[in-house]
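To keep things clear, I will list the structure first and then write my remarks on it.
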Amino acid sequence: MAILVDETTRVVVQGITGRDGSFHARQMKEYGTNVVAGVTPGKSGAAVDGLNAPVFDTVRQAVDVAGANTSVIYVPAAAAADAILESAEAGLRLVVCITEGIPVNDMLRVHHALAVRGDKNFVLIGPNCPGVISPGKSKVGIMPGFIHKPGRVGLISRSGTLTYEIVHALTQAGVGQSTCIGIGGDPVIGSRFTDLLPRFESDTGTDAVVLVGEIGGSDEELAAAWYTERKRRIRVVAFIAGVSAPPGKRMGHAGAIISGGKGAAKDKIETLGRHGIPVASDPAQIPELVRRAVP
Amino acid sequence: MAILVDETTRVVVQGITGRDGSFHARQMKEYGTNVVAGVTPGKSGAAVDGLNAPVFDTVRQAVDVAGANTSVIYVPAAAAADAILESAEAGLRLVVCITEGIPVNDMLRVHHALAVRGDKNFVLIGPNCPGVISPGKSKVGIMPGFIHKPGRVGLISRSGTLTYEIVHALTQAGVGQSTCIGIGGDPVIGSRFTDLLPRFESDTGTDAVVLVGEIGGSDEELAAAWYTERKRRIRVVAFIAGVSAPPGKRMGHAGAIISGGKGAAKDKIETLGRHGIPVASDPAQIPELVRRAVP
Amino acid sequence: MKIHEYQARLLFEEAGIPVARAIVADTPEAARRAAEQIGGPVAVKAQVHVGGRGKAGGVKLATTPADAGNAASQILGMRIKQSVVCKVLVMEKVEIARELYLGVVFDRDHRGHSVIASAAGGVDIEEVSAKTPEKILKQFVHPLVGLSAHQARQIGFGLGVPPKSALEIAKTLLALYTVYQRTDASLAEINPYVVRPDSTTVAIDAKMNFDDNALFRHKSIEDMRDMGEEEPLEIEAKNADLAYVHLGGDIGIIGNGAGLVMTTLDVVTAAGGRPANFLDIGGSSSPEKVRRALEIVLKEKSLKAIFLNVFGGITRCDDVATGLVQVLKAVQVRVPIIIRMTGTNVELGMKILNESGLNLKTYPTMQEAALVAADIARSA
Amino acid sequence: MKIHEYQARLLFEEAGIPVARAIVADTPEAARRAAEQIGGPVAVKAQVHVGGRGKAGGVKLATTPADAGNAASQILGMRIKQSVVCKVLVMEKVEIARELYLGVVFDRDHRGHSVIASAAGGVDIEEVSAKTPEKILKQFVHPLVGLSAHQARQIGFGLGVPPKSALEIAKTLLALYTVYQRTDASLAEINPYVVRPDSTTVAIDAKMNFDDNALFRHKSIEDMRDMGEEEPLEIEAKNADLAYVHLGGDIGIIGNGAGLVMTTLDVVTAAGGRPANFLDIGGSSSPEKVRRALEIVLKEKSLKAIFLNVFGGITRCDDVATGLVQVLKAVQVRVPIIIRMTGTNVELGMKILNESGLNLKTYPTMQEAALVAADIARSA
């Protein structure tokens, strides 16, 4: 079992004719993902090396003609917010936005435009994230597929490459994953820890979830509150990046900034601990914490 | 019985220090309405001739200090849309906006801002309307109170003075009213026929409702559809103004314009008739139609 | 409020929409020079607010500057429906591969706006909508969210034009919506919007209407008003803050509230009378407003009677009576005035009328008064 | 991105916010002339991005133009935290009845913006918020709806100032939100905003921060960037589209992805090493980017080792290896490079490193590599 993506996932790649879009479309296809179409406005009919998926001008065409049900976005930052809304309007249920550097106001518009649409079944992952993978089933994103291994541990991460680090550690320790989701580190993201934890809670194929947080915001605190709000079936363990980060400096991610005394790593670690969520002091510890949580 | 306003209605008058605001505040008070406060930003503490209601800078204060639960708005067109939102934010359940000449875009902002707030119990009547009266109980608006008479017929009207004409005719024929509502003739209004008909349907004090429509839009058609959607307890009769109006010309009300072949009086009359709603050819016929509908 | 093509064109150009080269001219000589400056064949187009100028001979093609001057001399001064042509727009001849319709309109039913396009441009959009609705592409615009680029592309790529044109059209639609929104317009329209043989695109017409209630915040738009295009009495009424529509009959109608005045027209018409006008003195009416209303109606040339129908709400009957008495004492009124008045302060109003020393007759109901008015007009 | 008070002041003034009269000066003589032009007593204020300039002696009052010149000569060239003062703002002395705080900030938790005000202005708002939260007034702004006039009045009338001042404050807040929104700002702040004894109001400070990701659409804001205020290596990195933060230790850190680099810092710190910097080469990294990253880190003066930590995702290990080999062949690198690389195209990357002829050592885990790096730095 898995959440968000599986064998039924049919992917349209927005920005498929770009360098990153075409590369990762091929990577996804190689992993076994059903890449059914690509979209680049004005380039319909174009051929993309190594792919036989048709290219369309609009996502609507990719849905109507190729039966896409999921989108992954590699378009430049200035056009990415619009690409998200395009996929939502075209009726897709899941949109994974890889693009980084989207202005905050653009994402606020997306967030509230989606709220106005009011489709509760629509899920946005990202932006500025590595995407979603259900190992052995489907990979929608940019993570290196070979580090994953099918299994019963879920993962939700605000970080990109750090996620791979932790997945790699899990796999090497023989701990497989149900679904791994990079939710992105931007200040305004589509899905937060608390939007996804209930899905894992309902997924009988998942026993435990690893949360990978970082400095900034209060999503980790909200996740901790969710965990103890009532009795949960799944176990949760965590890692928080940025313990040694100086306050006030922006560390790459727009979200990774500590300001006004809020969002420091040590506060997050303390809160998680208080709610019974073990926190690793080093990514390499995660497999051990998972083993202890789900013996 | 009545809908929207009754003896529990506690009115704050927005724009109370203006010529129309102060005049109609006194008229309402004379009718017996609980006028508990006024608001004019920057004029808190001002005295208004003939009223002992305190004047505040904000509606919030009128709610907190004077216990207002309903607002009536007489502020100039450029500030009226904001006044509506102020009352909604202050927690009022009913706002009656008398002001005419509000730009369409301002009302679109109000409409969608209210939708974003999502308070299903909030009711806006108007703008550009005479207001709401439950005869003998409470008058929130500018209609001449003395033409009304308590009774069991409701009235919803897009017109202003035409409403008085019809109420006058009802009263002279001995037909009293439960609640009379002028919803206004602008293209974007807070409550339409179909928003208010269900309230009358649930009000055991109302047996029949008079709809007073006019050219433009398709609210009358929607009301007709509502009427036959299922079996209704209340009877409905109607009058439509503008049979002799030439197309394309704006007749005072922003809404009273026929364009693109839509919204002509004869089409509305035809549709209402088809749904079993008798339509008077002259306002003076209305009392007779009501008598026939509710023998 | 409406503006001319040459004015809308400027707004479109400022917004970044590609428009055909054109120069406005108000004399044949200016038109000739304009054609010279543009070079090559041109179209000379009458600048009037009413539609159907093409069929009326208000658009002529000219191959030389001299031709353009001749065309302008034929068009200038021409009457198209109620408008007299005072200006022409001299426009480069554009090579046409496809003619499209692009527009943004207020969408009352959806409480927002709609962007509309059609592959059948150059003809009346309402006709297209009625006959071949499948040719109309539409995107609803939520007022708080605005038009999204993907919606504009959805239309661009839906028109069956080359990709380059589709992307240009999408850009034009975004600009069109921006100028529509920024100016509180109720309509912004380009018909036709042309795809050239090389797939570039260009607007060769421009139309905008505006929300009268919002003009107070758009001084530069308000300044574009062409008084020559409006009924003089309607202008005078607007200046007095009155809603006036000239209708052409012989019974002057004054009332308060659009619905009441409309119904008065209906009742007078049903009684066999012919209303000269629609005049709504509005909600909050001062004596001054009533006085101006009467003065304006008295200017209707074929006037035989005036029907004053007032039901007092926010309008106070004493104000109406005061204004009425003022004007009747100041001006010699040549036609009978039929009065029907009731509502707020009616006793005060009646008292003012009775004590005025003017022999003013009042009637209790609209129907009675309408019959009297129709009778007087018929027998006058 | 941050800008100076004198720059934010201009944006506020354009937006219609009343600001105190002031002239910017970069020499004592210019400051003297500015004071002369303003007339009367003035404040001479250091223009630096860092806070706390008052306590550091960066603000001086002057009663005569000569005094102002002297004050400027003391302030110009002064170092306040890491900033050197290059400009002062000479500002009229404003009579103060009340000092308020007004601000607009991005509100992450509510996914919108917040307008904040406090009756206790002139002091650090975070201190007020911590000690006397009841003194903070706040209105949430829905991004699609915008700030409403009534919300601004709610704050204005909540501050306990005269009605005239309250209405002026409301107007200022609306203008402040407009300029904040229009420029994609993340902060717009006036501290203090002053109520004069006659109840008129005026801004005597101005602060704005902007969303770096949105600067591409605000050229005029981008042009306000003061390179003198930024770490030179951070500027160089930004130009190469890299995220760089100078930290001051001796182990250069390069990695891909903010979380991974942050964790690398954490792991190196835990291993007893001191990171010289944070350098994220980002997602889609070309060989050129890796080359630039290495060049920048090599400019860190106290550098004793470089730790390159790459986990390939959208970043491809072959690209990283290619960049690395390029720079190592072109430049004499004076410190050891500790490499840890895995993920997308790792075999290809390793092959490039091995076939480069450069003796490059790689480690399988972050922890191992960090220990080696810390060790080298310690013993160097």
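Naming works like this for the structure tokens: A, B, ... for the chains as they're shown, residue 1 at the start of each chain, ligands 1 onward in shown order.
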Exercise. Identify all residues of region 21-156 of chain A in strand (DSSP E or B) (DSSP on the backbone) and supply them as a VMD selection string.
Key: chain A and resid 34 to 39 55 to 56 70 to 73 94 to 97 123 to 125 131 to 134 138 to 141 150 to 156
Self-check item: Distance filter 10 Å, only C-alpha atoms, chain A against chain B, as a ChimeraX atom specification
Solution: /A:112,115-116
Just to be explicit: take each residue in the selection above, keep N, CA and C atoms, and write the result as a tab-separated table (two decimals), in the first residue's frame.
```tsv
chain	number	residue	atom	x	y	z
A	112	HIS	N	-4.82	30.58	-2.07
A	112	HIS	CA	-6.17	31.08	-1.85
A	112	HIS	C	-7.08	30.85	-3.06
A	115	ALA	N	-8.28	27.52	-2.50
A	115	ALA	CA	-9.29	27.54	-1.44
A	115	ALA	C	-10.62	27.99	-2.00
A	116	VAL	N	-10.60	29.00	-2.88
A	116	VAL	CA	-11.82	29.48	-3.52
A	116	VAL	C	-12.45	28.37	-4.36
```
Quiz prompt | Distance in Å - CA of Ala280 (chain A) versus CA of Leu222 (chain A) | solution =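 So the answer is 18.6 Å.
Residues from chain D that have an atom within 12 Å of chain C, counting only C-alpha atoms, are His142, Pro143, Leu144, Val145 and Gly146 of chain D.
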Quiz item: So which residues touch Leu102 (chain C) within 8 Å, counting only C-alpha atoms, skipping near sequence neighbours fewer than 4 positions away, as a VMD selection string?
Solution: chain C and resid 115 to 118 173 189 to 193
Once you count only C-alpha atoms, which residues of chain B turn out to be within 7 Å of chain D? Could you give them as a compact mmCIF listing (two decimals) with N, CA, C and O atoms, in the first residue's frame?
```
# COMPACT_ATOMS: atom_id res chain seq x y z
N GLY B 42 -14.50 59.09 13.23
CA GLY B 42 -13.98 60.40 13.58
C GLY B 42 -14.98 61.29 14.30
O GLY B 42 -14.65 62.39 14.73
N THR B 58 -16.37 53.14 15.20
CA THR B 58 -16.36 51.86 14.51
C THR B 58 -17.61 51.04 14.87
O THR B 58 -18.19 51.22 15.94
N ASP B 82 -16.98 49.23 1.83
CA ASP B 82 -16.17 49.02 3.02
C ASP B 82 -17.04 48.96 4.28
O ASP B 82 -16.78 48.17 5.18
N GLU B 86 -17.16 46.10 7.10
CA GLU B 86 -16.91 46.43 8.51
C GLU B 86 -17.96 45.78 9.40
O GLU B 86 -17.64 45.19 10.43
N ALA B 113 -15.46 38.62 -0.83
CA ALA B 113 -14.83 38.68 0.49
C ALA B 113 -15.76 38.02 1.51
O ALA B 113 -15.30 37.29 2.40
```
Quiz item: Taking into account only C-alpha atoms, which residue in the set C:Gly259, C:Gly69, C:Pro275, C:Gly112 is nearest to Ser157 (chain B)?
Solution: C:Gly259
Exercise. Would you list the contacts of region 182-198 of chain A as a PyMOL selection string, taking every protein, DNA or RNA residue within 8 Å and counting only C-alpha atoms, but skipping same-chain residues closer than 5 positions in sequence?
Key: (chain A and resi 104+107-108+111+123-132+156-160+163+211+217+219-220+222-223+226+253-256) or (chain D and resi 108+111)
Quiz item: Could you pull out all residues of region 66-173 of chain C with a DSSP call of alpha helix (DSSP H) and give them as JSON, numbers by chain?
Solution: {"C": [66, 67, 68, 69, 70, 71, 72, 73, 74, 75, 125, 126, 127, 128, 129, 130, 131, 149, 150, 151, 152, 153, 154, 155, 156, 157, 158, 163, 164, 165, 166, 167, 168, 169, 170, 171, 172, 173]}
